[in-house]
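> Structure below; questions to follow.
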2 protein chains.
Amino acid sequence: MEQIKIHLDEKDMPRQWYNLAADLPTPMLPPLTPDGQPITPEMLEPVFPRNLIDQEVSRERWIDIPEEIVSILYRWRPTPLRRAVYLEKFLKTPARIYYKDESVSPSGSHKTNTAVAQAWYNKQFGIKKLTTETGAGQWGTALAFSCYVLGLECKVFMVRVSFDQKPMRKTIMNMWNANCVASPSTETEAGRAILARMPDTPGSLGIAISEAVEAAVSDKTGKTRYALGSVLNHVMLHQTIIGLEAKKQLEKVGIKKPDVIIGCAGGGSNFAGIAFPFTSDKINGAKIEIIPVESAAAPKMTQGKFAYDHGDVAGMTPLLPMHTLGHNFVPPPVHAGGLRYHGMAPLVSQAIVEGLMTPWAADQLQSFEAALTWARTEGFIIAPETSNAVACVIREAEKARQEGKEKVILFNLSGHGLLDLAGYEKYLTGNLDRSCLTADDIRRTVDKIKLDPRADQRKTGKW
Amino acid sequence: MEQIKIHLDEKDMPRQWYNLAADLPTPMLPPLTPDGQPITPEMLEPVFPRNLIDQEVSRERWIDIPEEIVSILYRWRPTPLRRAVYLEKFLKTPARIYYKDESVSPSGSHKTNTAVAQAWYNKQFGIKKLTTETGAGQWGTALAFSCYVLGLECKVFMVRVSFDQKPMRKTIMNMWNANCVASPSTETEAGRAILARMPDTPGSLGIAISEAVEAAVSDKTGKTRYALGSVLNHVMLHQTIIGLEAKKQLEKVGIKKPDVIIGCAGGGSNFAGIAFPFTSDKINGAKIEIIPVESAAAPKMTQGKFAYDHGDVAGMTPLLPMHTLGHNFVPPPVHAGGLRYHGMAPLVSQAIVEGLMTPWAADQLQSFEAALTWARTEGFIIAPETSNAVACVIREAEKARQEGKEKVILFNLSGHGLLDLAGYEKYLTGNLDRSCLTADDIRRTVDKIKLDPRADQRKTGKW
């Protein structure tokens with residue numbers, strides 16, 4: 001029997017994060033103000049602590065992981081690298097399929113990696129409280145845990161519809177003393193304004209972000225900041241520990257490099273985590289296919305524009321250079337809630353523009369079919385988001401069978417699905433649809449993307 | 001920093017189960033028919049396959065684990081042994097606390113260890129279908145998975161109240177193609193009879209057992225058998241892989257033996273799994289304190305009788321020699337559903353009678369308090385059942401601090417609590433009570449235990 005679990009000793013856990021911005025062939029475009037001026041670090045200071053802003057704009061290739069962060073990550077890191085031999089057999093593929101299991105963290109997903117780091121840097125900067133938004137609750141849970149173990153207060157604005165549908169996510173946040181309220185709430189001006197107009201609104205991530213940012217910047221003590229769970233450069237950075245561990249683990253079984261790397265991508269962070277350390281090798285000539293997998297319900301990478309756009313619906317954030325469907329885009333209500341975002345991390349977007357990565361979109365039915373195949377072969381229940389990655393893994397493994405190639409496929413199992421079983425129930429009872437957008441849907445939303453003319457001039461023009 | 005995760009390579013996974021019946025100072029008492037005659041293996045054949053009956057009555061010390069079972073267990077075994085350094089620090093204890101993490105299995109608990117073995121032996125015997133009951137759903141989930149990967153049909157009778165309260169457990173069973181119905185059902189005579197009398201009954205484990213056994217023995221093809229998730233000798237046997245792995249893992253960090261071993265005990269199987277391989281050492285002179293932890297809501301070991309009693313409420317099973325509160329006992333509705341059983345495994349009971357183990361009871365509030373401490377230090381959410389064990393771990397670690405002793409405490413983390421968060425919500429909002437029985441409650445239920453006179457004569461008389 002082949003070795004299934006490849007463990008890494010704690011002493012071999014990476015002690016530095018990898019920053020792809022140092023190696024991208026074309027320098028990253030800067031974020032811009034709504035009127036098209038480059039954002040200076042100072043302009044971000046009411047929202048983020050200076051040490052994280054420095055990471056956000058850093059061009060250093062390697063950034064040390066502080067010792068206290070290491071000691072917190074030890075609760076679950078290094079995570080196992082596993083070989084999916086049961087799936088391989090089922091597919092009769094000559095490919096070897098390896099995956100990092102990020103579901104083993106306290107929040108059940110990769111989100112905890114950056115949550116711990118962000119809480120720690122905020123604490124170092126003298127911050128006492130973090131605010132954030134959460135959709136399905138993975139990120140809110142991760143930040144609640146991280147703030148608890150580091151002694152910070154945590155305030156989570158949870159999208160109303162998820163707050164009502166997934167009350168257990170709030171219970172978990174409460175276990176770690178976080179204060180979680182449904183958004184829109186009466187606690188912010190943004191929330192009150194929405195409630196006055198639409199008292200029965202189910203809420204949205206865009207509204208929740210507005211509330212969380214307002215709650216941070218309006219705290220007169222100056223000791224509150226905002227934390228974001230994806231998209232930004234420093235979030236990608238913190239996740240690279242996934243791929244750096246995977247490299248060491250693959251070496252333990254004699255694999256110098258994988259042939260294909262796959263991760264699902266909503267804002268891009270779990271994908272970046274597994275892919276960036278290998279993207280560096282690809283820039284240096286290694287032959288690796290790198291595939292970020294989006295949901296066909298929010299196909300920004302395969303069908304959106306690479307453009308300057310806001311990160312939130314309300315247009316409060318800086319303009320970021322990224323693949324986007326327009327910040328007003330509202331995707332169908334797919335169960336992979338973490339993939340229902342209109343934009344993609346600037347670092348991932350830039351790597352796509354450079355030709356380093358080739359995005360692919362999975363629809364909801366093929367994703368759940370893949371998730372069921374996973375549960376029936378490997379025996380574990382994955383998150384709806386992760387199922388999009390597994391759909392691509394199965395496609396690649398079948399391609400390897402057809403081509404008769406002994407490829408090594410590596411992917412990131414970003415989270416478990418134990419708190420998202422409603423989607424499985426609907427799939428099993430025939431109550432899910434593909435949730436693909438039509439070409440008309442796409443055209444309508446992409447055509448709406450309004451670009452500041454000066455921002456427009458800064459595009460790479462490769463789109 | 002101390003090493004937290006102690007992994008065992010797959011090649012070092014134990015290849016034999018350990019049978020405590022071979023080493024107990026006093027031979028085990030046999031099961032009896034309702035009229036007090038010893039049960040012969042033949043009498044059990046309509047219910048269990050002969051190969052499992054042979055294991056049930058075996059006195060062999062070591063029993064080989066078949067290779068195909070090994071290859072299925074590899075999905076999650078060997079499980080990690082971890083050191084709870086964050087809890088140790090919080091408690092300021094000189095004790096080192098190690099635990100086996102059985103929550104990493106497909107069903108999220110230790111139950112999968114025996115489910116795979118039982119399904120495999122049934123398949124070897126030519127059986128095509130297994131029936132069982134389940135309360136909260138852990139066992140039903142484990143058997144559903146095991147039957148799926150081995151190609152058997154699986155029918156689960158799930159106690160009505162749990163079926164309604166935890167619909168996601170049914171979803172998981174459905175993912176593995178099991179047929180799960182609420183009990184009482186209209187599919188059996190036992191179920192129909194109950195429904196005729198009490199159409200609105202919430203059901204009980206006793207009724208569900210009756211239905212599952214009837215569904216097995218009434219199948220005219222002779223290809224259906226019944227499977228039980230705890231109590232019986234062969235179930236304890238299959239779980240000993242937990243303790244056997246733990247031994248090897250402790251040796252890797254230079255520990256010859258733990259000073260204290262703790263596991264929660266409902267029917268006894270996860271406790272037996274971690275404790276029996278070390279009980280053997282204790283019989284041979286090693287100084288180890290071994291503590292099965294029950295719920296104060298069903299205190300059969302600390303307050304019940306050691307007597308011959310039925311395993312089910314309806315009195316359909318053989319009489320087993322065990323600690324019991326009487327098979328008519330109905331415990332308060334504590335969230336640790338797996339501990340709400342009136343009896344204790346005969347092997348554990350006999351070991352208690354021999355003085356090898358010292359049971360302890362935890363009440364519901366101290367258990368949830370312990371679970372919250374665990375989540376806030378170690379970062380993971382444990383099952384309500386497991387929380388009873390952790391309450392005892394904390395008690396022992398505090399004792400070690402008071403005594404200034406550098407003890408090694410080993411316990412079994414039997415399952416995660418991600419599908420049982422309602423209890424946490426109630427605890428956090430002050431809506432849980434201790435659920436302890438009064439001395440009067442105990443007297444009333446214990447006094448009701450009716451013993452067959454011939455069975456009574458076979459007792460050890462040590463009670």
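As shown in the structure tokens, the chain order sets the letters A, B, ...; within each chain, residues go from 1, and ligands are also counted from 1 in the order they appear.
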Within 6 Å of chain B, which residues of chain A show up when using only C-alpha atoms, listed as a PyMOL selection string?

chain A and resi 106+171+379-380+425

> Where in region 143-248 of chain B does DSSP assign helix (DSSP H, G or I), given as a VMD selection string?

chain B and resid 143 to 150 160 to 165 167 to 175 189 to 197 205 to 217 233 to 239 241 to 248

> Could those residues be written to a file, using C-alpha atoms, as a PDB file, in the first residue's frame?


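The resulting file, part-v8.pdb, is reproduced below:
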ATOM      1  CA  LEU B 143     -21.831   2.114   9.888  1.00  0.00           C
ATOM      2  CA  ALA B 144     -23.206   3.867   6.784  1.00  0.00           C
ATOM      3  CA  PHE B 145     -19.679   4.793   5.709  1.00  0.00           C
ATOM      4  CA  SER B 146     -18.341   1.291   6.391  1.00  0.00           C
ATOM      5  CA  CYS B 147     -21.143  -0.463   4.528  1.00  0.00           C
ATOM      6  CA  TYR B 148     -20.688   1.897   1.586  1.00  0.00           C
ATOM      7  CA  VAL B 149     -16.976   1.245   1.135  1.00  0.00           C
ATOM      8  CA  LEU B 150     -17.510  -2.512   1.492  1.00  0.00           C
ATOM      9  CA  ARG B 160     -37.407   9.950  16.226  1.00  0.00           C
ATOM     10  CA  VAL B 161     -36.468  12.909  18.415  1.00  0.00           C
ATOM     11  CA  SER B 162     -32.872  12.914  17.109  1.00  0.00           C
ATOM     12  CA  PHE B 163     -34.075  12.284  13.557  1.00  0.00           C
ATOM     13  CA  ASP B 164     -36.096  15.486  13.782  1.00  0.00           C
ATOM     14  CA  GLN B 165     -33.547  17.544  15.738  1.00  0.00           C
ATOM     15  CA  PRO B 167     -31.531  16.148  10.150  1.00  0.00           C
ATOM     16  CA  MET B 168     -27.939  16.624   8.959  1.00  0.00           C
ATOM     17  CA  ARG B 169     -26.909  13.273  10.438  1.00  0.00           C
ATOM     18  CA  LYS B 170     -29.409  11.652   8.103  1.00  0.00           C
ATOM     19  CA  THR B 171     -27.972  13.669   5.208  1.00  0.00           C
ATOM     20  CA  ILE B 172     -24.528  12.237   5.941  1.00  0.00           C
ATOM     21  CA  MET B 173     -25.894   8.686   6.085  1.00  0.00           C
ATOM     22  CA  ASN B 174     -27.650   9.307   2.778  1.00  0.00           C
ATOM     23  CA  MET B 175     -24.369  10.424   1.215  1.00  0.00           C
ATOM     24  CA  GLU B 189     -44.034  -5.049  13.914  1.00  0.00           C
ATOM     25  CA  ALA B 190     -42.315  -3.590  16.949  1.00  0.00           C
ATOM     26  CA  GLY B 191     -42.513  -0.113  15.440  1.00  0.00           C
ATOM     27  CA  ARG B 192     -46.127  -0.440  14.340  1.00  0.00           C
ATOM     28  CA  ALA B 193     -47.188  -1.714  17.758  1.00  0.00           C
ATOM     29  CA  ILE B 194     -45.610   1.290  19.487  1.00  0.00           C
ATOM     30  CA  LEU B 195     -47.094   3.742  16.975  1.00  0.00           C
ATOM     31  CA  ALA B 196     -50.564   2.253  17.456  1.00  0.00           C
ATOM     32  CA  ARG B 197     -50.302   2.887  21.180  1.00  0.00           C
ATOM     33  CA  LEU B 205     -32.872   3.640  21.780  1.00  0.00           C
ATOM     34  CA  GLY B 206     -34.643   0.602  23.222  1.00  0.00           C
ATOM     35  CA  ILE B 207     -37.389   0.766  20.595  1.00  0.00           C
ATOM     36  CA  ALA B 208     -34.895   1.392  17.804  1.00  0.00           C
ATOM     37  CA  ILE B 209     -32.842  -1.658  18.843  1.00  0.00           C
ATOM     38  CA  SER B 210     -35.979  -3.778  18.788  1.00  0.00           C
ATOM     39  CA  GLU B 211     -36.778  -2.582  15.260  1.00  0.00           C
ATOM     40  CA  ALA B 212     -33.238  -3.107  13.973  1.00  0.00           C
ATOM     41  CA  VAL B 213     -33.000  -6.631  15.394  1.00  0.00           C
ATOM     42  CA  GLU B 214     -36.437  -7.508  14.010  1.00  0.00           C
ATOM     43  CA  ALA B 215     -35.503  -6.160  10.574  1.00  0.00           C
ATOM     44  CA  ALA B 216     -32.377  -8.348  10.599  1.00  0.00           C
ATOM     45  CA  VAL B 217     -33.841 -11.634  11.846  1.00  0.00           C
ATOM     46  CA  ASN B 233     -16.785  -7.821  23.640  1.00  0.00           C
ATOM     47  CA  HIS B 234     -15.958  -7.741  19.925  1.00  0.00           C
ATOM     48  CA  VAL B 235     -16.702  -4.016  19.792  1.00  0.00           C
ATOM     49  CA  MET B 236     -14.259  -3.377  22.650  1.00  0.00           C
ATOM     50  CA  LEU B 237     -11.727  -5.547  20.812  1.00  0.00           C
ATOM     51  CA  HIS B 238     -11.877  -3.477  17.610  1.00  0.00           C
ATOM     52  CA  GLN B 239     -11.352  -0.259  19.553  1.00  0.00           C
ATOM     53  CA  ILE B 241      -6.213  -0.168  18.192  1.00  0.00           C
ATOM     54  CA  ILE B 242      -6.555   3.272  19.818  1.00  0.00           C
ATOM     55  CA  GLY B 243      -4.593   2.328  22.937  1.00  0.00           C
ATOM     56  CA  LEU B 244      -2.131   0.159  21.031  1.00  0.00           C
ATOM     57  CA  GLU B 245      -1.251   3.118  18.812  1.00  0.00           C
ATOM     58  CA  ALA B 246      -1.034   5.398  21.846  1.00  0.00           C
ATOM     59  CA  LYS B 247       1.502   3.059  23.450  1.00  0.00           C
ATOM     60  CA  LYS B 248       3.783   3.254  20.439  1.00  0.00           C
TER      61      LYS B 248
END

> Within 10 Å of region 63-68 of chain B, counting only C-alpha atoms, which residues qualify if same-chain residues fewer than 4 places away don't, as a ChimeraX atom specification?

/B:14-19,55,58-59,72-74,116-117,120-121,150,237-238,241

> Could you check how far CA of Ala275 (chain A) sits from CA of Ile352 (chain A), in Å to one decimal?

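Interatomic distance, CA of Ala275 (chain A) to CA of Ile352 (chain A): 12.2 Å.
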
> Of the candidates A:Leu87, A:Ala119, A:Ala286, A:Ile449, which one gets nearest to His310 (chain A) if we count only C-alpha atoms?

A:Ile449

> Please report, as JSON, numbers by chain, each residue of region 321-374 of chain A to which DSSP assigns strand (DSSP E) when run on this structure's backbone.

{"A": [321, 322, 323, 324, 360, 361, 362]}

> Just write the chosen residues, all heavy atoms, as a PDB file, in the first residue's frame.


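Okay, result25.pdb is ready:
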ATOM      1  N   PRO A 321      -6.468  46.637  -8.663  1.00  0.00           N
ATOM      2  CA  PRO A 321      -6.321  46.086 -10.014  1.00  0.00           C
ATOM      3  C   PRO A 321      -6.579  44.586  -9.976  1.00  0.00           C
ATOM      4  O   PRO A 321      -5.774  43.831  -9.425  1.00  0.00           O
ATOM      5  CB  PRO A 321      -4.850  46.380 -10.335  1.00  0.00           C
ATOM      6  CG  PRO A 321      -4.166  46.393  -8.998  1.00  0.00           C
ATOM      7  CD  PRO A 321      -5.185  46.815  -7.982  1.00  0.00           C
ATOM      8  N   MET A 322      -7.712  44.166 -10.532  1.00  0.00           N
ATOM      9  CA  MET A 322      -8.068  42.753 -10.375  1.00  0.00           C
ATOM     10  C   MET A 322      -9.063  42.283 -11.428  1.00  0.00           C
ATOM     11  O   MET A 322      -9.686  43.092 -12.106  1.00  0.00           O
ATOM     12  CB  MET A 322      -8.666  42.539  -8.978  1.00  0.00           C
ATOM     13  CG  MET A 322      -9.950  43.331  -8.708  1.00  0.00           C
ATOM     14  SD  MET A 322     -10.513  43.031  -6.998  1.00  0.00           S
ATOM     15  CE  MET A 322     -11.982  44.057  -6.940  1.00  0.00           C
ATOM     16  N   HIS A 323      -9.201  40.982 -11.522  1.00  0.00           N
ATOM     17  CA  HIS A 323     -10.272  40.427 -12.327  1.00  0.00           C
ATOM     18  C   HIS A 323     -11.579  40.656 -11.576  1.00  0.00           C
ATOM     19  O   HIS A 323     -11.683  40.345 -10.394  1.00  0.00           O
ATOM     20  CB  HIS A 323     -10.066  38.927 -12.558  1.00  0.00           C
ATOM     21  CG  HIS A 323      -8.981  38.652 -13.551  1.00  0.00           C
ATOM     22  ND1 HIS A 323      -7.649  38.639 -13.209  1.00  0.00           N
ATOM     23  CD2 HIS A 323      -9.024  38.409 -14.891  1.00  0.00           C
ATOM     24  CE1 HIS A 323      -6.918  38.381 -14.276  1.00  0.00           C
ATOM     25  NE2 HIS A 323      -7.716  38.248 -15.323  1.00  0.00           N
ATOM     26  N   THR A 324     -12.560  41.189 -12.264  1.00  0.00           N
ATOM     27  CA  THR A 324     -13.803  41.545 -11.582  1.00  0.00           C
ATOM     28  C   THR A 324     -15.001  41.401 -12.515  1.00  0.00           C
ATOM     29  O   THR A 324     -14.866  41.472 -13.747  1.00  0.00           O
ATOM     30  CB  THR A 324     -13.729  42.991 -11.036  1.00  0.00           C
ATOM     31  OG1 THR A 324     -14.984  43.333 -10.428  1.00  0.00           O
ATOM     32  CG2 THR A 324     -13.436  43.995 -12.165  1.00  0.00           C
ATOM     33  N   TRP A 360     -10.202  28.227 -14.259  1.00  0.00           N
ATOM     34  CA  TRP A 360     -11.254  27.354 -14.758  1.00  0.00           C
ATOM     35  C   TRP A 360     -12.468  27.557 -13.863  1.00  0.00           C
ATOM     36  O   TRP A 360     -12.330  27.863 -12.673  1.00  0.00           O
ATOM     37  CB  TRP A 360     -10.779  25.892 -14.692  1.00  0.00           C
ATOM     38  CG  TRP A 360     -11.724  24.901 -15.302  1.00  0.00           C
ATOM     39  CD1 TRP A 360     -12.054  24.789 -16.618  1.00  0.00           C
ATOM     40  CD2 TRP A 360     -12.457  23.874 -14.622  1.00  0.00           C
ATOM     41  NE1 TRP A 360     -12.949  23.764 -16.797  1.00  0.00           N
ATOM     42  CE2 TRP A 360     -13.212  23.183 -15.602  1.00  0.00           C
ATOM     43  CE3 TRP A 360     -12.551  23.480 -13.292  1.00  0.00           C
ATOM     44  CZ2 TRP A 360     -14.054  22.115 -15.277  1.00  0.00           C
ATOM     45  CZ3 TRP A 360     -13.386  22.411 -12.974  1.00  0.00           C
ATOM     46  CH2 TRP A 360     -14.133  21.737 -13.951  1.00  0.00           C
ATOM     47  N   ALA A 361     -13.664  27.386 -14.428  1.00  0.00           N
ATOM     48  CA  ALA A 361     -14.889  27.565 -13.632  1.00  0.00           C
ATOM     49  C   ALA A 361     -15.649  26.248 -13.536  1.00  0.00           C
ATOM     50  O   ALA A 361     -15.806  25.544 -14.529  1.00  0.00           O
ATOM     51  CB  ALA A 361     -15.776  28.636 -14.268  1.00  0.00           C
ATOM     52  N   ALA A 362     -16.096  25.899 -12.337  1.00  0.00           N
ATOM     53  CA  ALA A 362     -16.915  24.699 -12.136  1.00  0.00           C
ATOM     54  C   ALA A 362     -18.329  25.119 -11.791  1.00  0.00           C
ATOM     55  O   ALA A 362     -18.537  26.097 -11.072  1.00  0.00           O
ATOM     56  CB  ALA A 362     -16.333  23.860 -10.998  1.00  0.00           C
TER      57      ALA A 362
END

> Find the distance between CA of Asp309 (chain B) and CA of Ala227 (chain B) and write it in Å to one decimal.

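According to the coordinates, CA of Asp309 (chain B) and CA of Ala227 (chain B) are separated by 19.5 Å.
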
> Would you please work out which residue, of A:Lys282, A:Arg395, A:Lys166, A:Lys123, is nearest to Gln366 (chain A) when using only C-alpha atoms?

A:Arg395

> If you count only C-alpha atoms, which residues fall within 10 Å of Gly326 (chain B), apart from same-chain ones fewer than 2 positions away, as a PyMOL selection string?

chain B and resi 300+304-305+307-313+323-324+328-330+341-343+445-451

> Store the residues picked out above, limited to C-alpha atoms, as a PDB file, in the first residue's frame.


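This is the output file again17.pdb:
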ATOM      1  CA  LYS B 300     -24.344   3.057  36.369  1.00  0.00           C
ATOM      2  CA  GLY B 304     -25.702   1.174  39.755  1.00  0.00           C
ATOM      3  CA  LYS B 305     -25.547  -2.554  40.451  1.00  0.00           C
ATOM      4  CA  ALA B 307     -25.877  -7.620  37.857  1.00  0.00           C
ATOM      5  CA  TYR B 308     -27.277  -9.580  34.948  1.00  0.00           C
ATOM      6  CA  ASP B 309     -29.490  -7.258  32.926  1.00  0.00           C
ATOM      7  CA  HIS B 310     -30.851  -6.799  29.435  1.00  0.00           C
ATOM      8  CA  GLY B 311     -29.095  -4.515  26.959  1.00  0.00           C
ATOM      9  CA  ASP B 312     -32.327  -2.973  25.720  1.00  0.00           C
ATOM     10  CA  VAL B 313     -35.416  -1.455  27.231  1.00  0.00           C
ATOM     11  CA  HIS B 323     -23.016  -2.431  35.857  1.00  0.00           C
ATOM     12  CA  THR B 324     -26.564  -1.255  35.280  1.00  0.00           C
ATOM     13  CA  ASN B 328     -36.065   0.460  32.270  1.00  0.00           C
ATOM     14  CA  PHE B 329     -34.015   3.419  33.442  1.00  0.00           C
ATOM     15  CA  VAL B 330     -34.683   6.643  31.550  1.00  0.00           C
ATOM     16  CA  TYR B 341     -27.223   4.247  28.435  1.00  0.00           C
ATOM     17  CA  HIS B 342     -28.341   2.205  31.425  1.00  0.00           C
ATOM     18  CA  GLY B 343     -25.573  -0.421  31.272  1.00  0.00           C
ATOM     19  CA  THR B 445     -34.278   2.747  39.585  1.00  0.00           C
ATOM     20  CA  VAL B 446     -31.745   0.360  41.103  1.00  0.00           C
ATOM     21  CA  ASP B 447     -34.402  -1.236  43.300  1.00  0.00           C
ATOM     22  CA  LYS B 448     -36.328  -2.071  40.128  1.00  0.00           C
ATOM     23  CA  ILE B 449     -33.563  -4.299  38.738  1.00  0.00           C
ATOM     24  CA  LYS B 450     -35.104  -7.746  38.562  1.00  0.00           C
ATOM     25  CA  LEU B 451     -32.632 -10.570  38.473  1.00  0.00           C
TER      26      LEU B 451
END
